[in-house]
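Enquirer: Have a look at the structure that comes next, please.
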Amino acid sequence: SLRAVSDERSTMNGDNPVMSKRTVSKGVISVGTWTLVKIVVSALATPVLARILGAEGYGEYAYYVAVMMLAAPIANLGTSQSITKFVAQQPDDCVLHSKIALLAGRTNLLATTTVCGLLFAFLLIGSEPKQSPLTIAIIVVVSIALEQIWYLGKGILYGLRREELATLPAILSAVISPILGIILAIMGWGVFGVMAGMLVANLVSALLTITYVNRFVDWSVSDGKMVASGNIFWFGVHSMLFTALAMALYKMNIILARTLASNADAGIYAAAVQWTEFTWLIPIAIEGVMLQTTSHLWAEQRISEIAGLLARLLRYTALATGFLLLFVFVFADHILLLYFGPRFVDASTSLRILIPGVFSFSLAKVVWPVIQARGSVLRLVTII
């Protein structure tokens, strides 16, 4: 029952600093495990895909992935972050959680329908005739729609400090997508096969996520009139703007390379971007728990705890990420040759140029959820 769940949450979200540290550690381990699995599976699958698809096919695939990654936060309209923040601030109010989830779900559905419709038209108009634009457009928009179910569920589960339930579907998706995609690509489906693998993985993730969410949310509750509904909506809109702009910083160039140059050039640049993202294991894991952790602390004005936590995590991130990036900078040519093949060695210059920005971005990933948790999202939008 929801009351039993509430009692469990009271235990998990106690004001004891030791309990708070344990909760943060549990969340970091859960998100870190998902991130590690995603990076390892991607690291194993990417060179296989690059060799099967070739530079041109890999560039086309990277283009569609970049489009999806830019469209996803806009379709979400920041509802995932909104749920996490406002649920985490009042972790024991089950009825409020259900109302917030219902409001966010309706908003997410409207935004997703609009974005998917516009993106579908864009892909039909912008694709070359030989690429069967109708098929790829359907695969892309359905994948985005299914992914939104996971985003919505993640927001609820993260806010309740049940990160392990949100990351399990994500782990399954991270494993299913490349394996099925490689199998279909080998069978002759090419880029369509890889994208179809992603669609199936998103379907599995969506079904499992909604199963977990139903344990904590009563979808039949009357949403009534929520005093904070305006705050929830605008926090989501501002978060969407920030997330989309942050994503554009390292994904827009792939779209530009494919549009202004060729699929092959986009593939070579995507190879450089891919290797920089492999170094973000720790920043992504920490980012995944900081919003819900610090929302609760901000609400109780425990500023000294926030400062101490942030200082420790920044030191860990700087040391670990800096070491990995130094290794990548020195051995960039050898890494690309062994990993992607001779065709992609030209990406070494781009890879080295990206490294200083990647290091700074890794530190920013730790800091910005803390600023976001305080509600100062517009400042982040201005900075981006």
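In the structure tokens, chains take letters A, B, ... by order of appearance, with residues numbered from 1 within each chain and ligands from 1 in the order shown.
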For A:Leu337, find every residue with an atom within 12 Å (counting only C-alpha atoms), except residues of its own chain fewer than 2 positions away, and show them as a ChimeraX atom specification.

Expert: /A:47,50-51,268,271-272,331-335,339-348

Enquirer: Might you pull out every residue within 9 Å of A:Ser205, with only C-alpha atoms counted and same-chain residues fewer than 2 positions away left off, and present them as a ChimeraX atom specification?

Expert: /A:146-147,149-150,168-173,200-203,207-210

Enquirer: Take the selection from the previous step and output its residues with N, CA and C atoms, as a short mmCIF file (atom, residue, chain, number, x, y, z; two decimals), in the first residue's frame.

Expert:
```
data_model
loop_
_atom_site.label_atom_id
_atom_site.label_comp_id
_atom_site.auth_asym_id
_atom_site.auth_seq_id
_atom_site.Cartn_x
_atom_site.Cartn_y
_atom_site.Cartn_z
N LEU A 146 8.91 6.13 -26.53
CA LEU A 146 9.11 5.08 -25.53
C LEU A 146 10.12 5.50 -24.47
N GLU A 147 11.15 6.21 -24.90
CA GLU A 147 12.17 6.66 -23.96
C GLU A 147 11.59 7.64 -22.94
N ILE A 149 8.80 7.46 -21.45
CA ILE A 149 8.22 6.72 -20.33
C ILE A 149 9.29 6.44 -19.27
N TRP A 150 10.49 6.07 -19.74
CA TRP A 150 11.58 5.84 -18.80
C TRP A 150 11.98 7.14 -18.10
N LEU A 168 17.90 -0.21 -13.32
CA LEU A 168 17.82 -1.58 -13.83
C LEU A 168 17.24 -1.64 -15.25
N PRO A 169 16.11 -0.98 -15.54
CA PRO A 169 15.63 -0.96 -16.93
C PRO A 169 16.63 -0.31 -17.88
N ALA A 170 17.33 0.72 -17.40
CA ALA A 170 18.32 1.39 -18.24
C ALA A 170 19.48 0.46 -18.56
N ILE A 171 19.87 -0.37 -17.60
CA ILE A 171 20.95 -1.33 -17.83
C ILE A 171 20.54 -2.36 -18.88
N LEU A 172 19.32 -2.87 -18.75
CA LEU A 172 18.82 -3.83 -19.74
C LEU A 172 18.78 -3.20 -21.13
N SER A 173 18.32 -1.97 -21.20
CA SER A 173 18.26 -1.26 -22.49
C SER A 173 19.64 -1.07 -23.08
N VAL A 200 13.56 -1.50 -29.79
CA VAL A 200 13.16 -2.65 -28.97
C VAL A 200 13.66 -2.48 -27.53
N ALA A 201 14.89 -2.01 -27.39
CA ALA A 201 15.46 -1.80 -26.05
C ALA A 201 14.66 -0.75 -25.28
N ASN A 202 14.25 0.32 -25.94
CA ASN A 202 13.44 1.35 -25.29
C ASN A 202 12.08 0.81 -24.87
N LEU A 203 11.52 -0.10 -25.68
CA LEU A 203 10.24 -0.71 -25.34
C LEU A 203 10.36 -1.54 -24.06
N LEU A 207 8.40 -0.62 -20.43
CA LEU A 207 7.48 -1.55 -19.76
C LEU A 207 7.93 -1.87 -18.34
N LEU A 208 9.22 -2.10 -18.16
CA LEU A 208 9.74 -2.43 -16.83
C LEU A 208 9.66 -1.23 -15.89
N THR A 209 9.96 -0.05 -16.41
CA THR A 209 9.93 1.16 -15.59
C THR A 209 8.53 1.45 -15.08
N ILE A 210 7.54 1.37 -15.96
CA ILE A 210 6.18 1.68 -15.54
C ILE A 210 5.68 0.67 -14.53
#
```

Enquirer: For A:Gly32, which residue out of A:Met252, A:Leu241, A:Leu281, A:Ala206 is the nearest one, using only C-alpha atoms?

Expert: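 Of the candidates, the smallest distance to A:Gly32 is held by A:Leu281.
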
Enquirer: Using only C-alpha atoms, can you tell me which of A:Thr279, A:Thr294, A:Ser132, A:Ser143 comes closest to A:Arg374?

Expert: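 Result for the nearest residue to A:Arg374: A:Thr294.
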
Enquirer: Write out as a ChimeraX atom specification each polymer residue whose atoms come within 12 Å of A:Ile383, counting only C-alpha atoms; drop sequence neighbours fewer than 4 positions from it.

Expert: /A:241-242,245-246,364,368,371,376-379

Enquirer: Given the selection you just returned, output its residues as a file containing N, CA and C atoms, formatted as a CSV table (one decimal), in the first residue's frame.

Expert:
```csv
chain,number,residue,atom,x,y,z
A,241,LEU,N,15.2,23.8,-21.2
A,241,LEU,CA,16.1,24.7,-22.0
A,241,LEU,C,17.5,24.5,-21.6
A,242,PHE,N,17.8,24.3,-20.3
A,242,PHE,CA,19.2,24.1,-19.9
A,242,PHE,C,19.7,22.8,-20.5
A,245,LEU,N,20.3,22.8,-24.3
A,245,LEU,CA,21.4,23.6,-24.7
A,245,LEU,C,22.7,22.9,-24.3
A,246,ALA,N,22.7,22.3,-23.1
A,246,ALA,CA,23.9,21.5,-22.7
A,246,ALA,C,24.2,20.4,-23.6
A,364,ALA,N,31.5,20.6,-14.4
A,364,ALA,CA,30.2,21.3,-14.4
A,364,ALA,C,29.0,20.3,-14.2
A,368,TRP,N,26.1,21.6,-11.6
A,368,TRP,CA,24.8,22.2,-12.0
A,368,TRP,C,23.6,21.5,-11.4
A,371,ILE,N,22.9,23.6,-8.3
A,371,ILE,CA,22.3,24.9,-8.6
A,371,ILE,C,20.8,24.7,-9.0
A,376,SER,N,17.6,27.7,-9.2
A,376,SER,CA,18.2,28.8,-10.0
A,376,SER,C,18.5,28.3,-11.4
A,377,VAL,N,17.6,27.7,-12.1
A,377,VAL,CA,17.9,27.1,-13.4
A,377,VAL,C,18.1,28.2,-14.5
A,378,LEU,N,17.5,29.3,-14.4
A,378,LEU,CA,17.6,30.3,-15.4
A,378,LEU,C,19.1,30.8,-15.4
A,379,ARG,N,19.8,30.8,-14.3
A,379,ARG,CA,21.2,31.2,-14.3
A,379,ARG,C,22.0,30.2,-15.1
```

Enquirer: Among stretch 260-363 of chain A, which residues does DSSP mark as alpha helix (DSSP H) when it is run on the backbone? Keep the chain and numbering as in the structure and answer as a ChimeraX atom specification.

Expert: /A:260,263-277,281-299,303-330,332-339,348-363

Enquirer: Can you work out the spacing between atom CA of A:Lys38 and atom CA of A:Gln274 in Å, to one decimal?

Expert: 12.4 Å

Enquirer: Mind checking which residues fall within 8 Å of stretch 298-300 of chain A, counting only C-alpha atoms, ignoring those fewer than 2 positions away in the same chain, and posting them as a PyMOL selection string?

Expert: chain A and resi 89+294-296+302-303+306+373-374

Enquirer: Atoms to include: N, CA, C and O atoms. Write the selected residues as a tab-separated table (two decimals), in the first residue's frame.

Expert:
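To be explicit, this is the file written out as again.tsv:
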```tsv
chain	number	residue	atom	x	y	z
A	89	GLN	N	11.76	16.93	-2.08
A	89	GLN	CA	11.58	17.94	-1.03
A	89	GLN	C	10.57	17.48	0.02
A	89	GLN	O	10.65	17.88	1.18
A	294	THR	N	20.45	17.16	-2.95
A	294	THR	CA	20.58	18.55	-2.50
A	294	THR	C	19.24	19.28	-2.44
A	294	THR	O	19.13	20.30	-1.76
A	295	SER	N	18.20	18.79	-3.18
A	295	SER	CA	16.88	19.41	-3.06
A	295	SER	C	16.39	19.32	-1.62
A	295	SER	O	15.86	20.29	-1.05
A	296	HIS	N	16.57	18.15	-1.02
A	296	HIS	CA	16.17	17.93	0.38
A	296	HIS	C	17.01	18.81	1.32
A	296	HIS	O	16.48	19.40	2.27
A	302	ARG	N	20.43	23.30	4.90
A	302	ARG	CA	21.66	22.64	5.39
A	302	ARG	C	22.79	22.94	4.41
A	302	ARG	O	23.34	22.07	3.75
A	303	ILE	N	23.16	24.22	4.35
A	303	ILE	CA	24.09	24.70	3.34
A	303	ILE	C	25.51	24.17	3.57
A	303	ILE	O	26.23	23.86	2.62
A	306	ILE	N	25.86	20.81	2.06
A	306	ILE	CA	25.94	20.90	0.60
A	306	ILE	C	27.35	21.27	0.16
A	306	ILE	O	27.92	20.67	-0.75
A	373	ALA	N	18.85	22.32	-8.06
A	373	ALA	CA	18.05	21.93	-6.90
A	373	ALA	C	17.59	23.14	-6.10
A	373	ALA	O	16.54	23.11	-5.45
A	374	ARG	N	18.36	24.21	-6.14
A	374	ARG	CA	17.97	25.43	-5.43
A	374	ARG	C	16.88	26.19	-6.18
A	374	ARG	O	16.24	27.08	-5.62
```

Enquirer: Which one of A:Val67, A:Val175, A:Leu310, A:Leu157 sits closest to A:Phe122 if you count only C-alpha atoms?

Expert: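 With only C-alpha atoms as the atom set, the closest residue is A:Val67.
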
Enquirer: Check the smallest atom-to-atom distance from each of A:Val41, A:Leu338, A:Leu380, A:Ile156 to A:Pro178 using only C-alpha atoms, then report the winner.

Expert: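 Going through A:Val41, A:Leu338, A:Leu380, A:Ile156 one by one, the smallest distance to A:Pro178 is for A:Val41.
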
Enquirer: If we count only C-alpha atoms and set the cut-off at 10 Å, which residues sit around A:Phe86, ignoring sequence neighbours fewer than 6 positions away in its own chain? Please answer as a list in words.

Expert: Leu96, His97, Ile100, Gly155, Ile156, Gly159, Ala228, Asn231, Ile232, Phe235, Gln292, Ser295, His296 and Ala373 of chain A

Enquirer: For A:Ile255, which residue among A:Gly54, A:Gly375, A:Gly197, A:Gly59 is the nearest when counting only C-alpha atoms?

Expert: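 Closest to A:Ile255, using only C-alpha atoms: A:Gly59.
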
Enquirer: With distances taken over only C-alpha atoms, which of A:Ile384, A:Val273, A:Val330, A:Val366 is nearest to A:Arg315?

Expert: A:Val366

Enquirer: Please provide the set of residues having any atom within 9 Å of A:Glu163, restricted to only C-alpha atoms, with same-chain residues fewer than 6 positions apart removed, written as JSON, numbers by chain.

Expert: {"A": [26, 27, 28, 30, 31, 154, 157, 288, 289]}

Enquirer: Which residues come within 10 Å of A:Thr243, counting only C-alpha atoms, excluding same-chain residues fewer than 4 positions away, as a PyMOL selection string?

Expert: chain A and resi 70+72-74+77-78+81+237-239+247-248+380-381+384
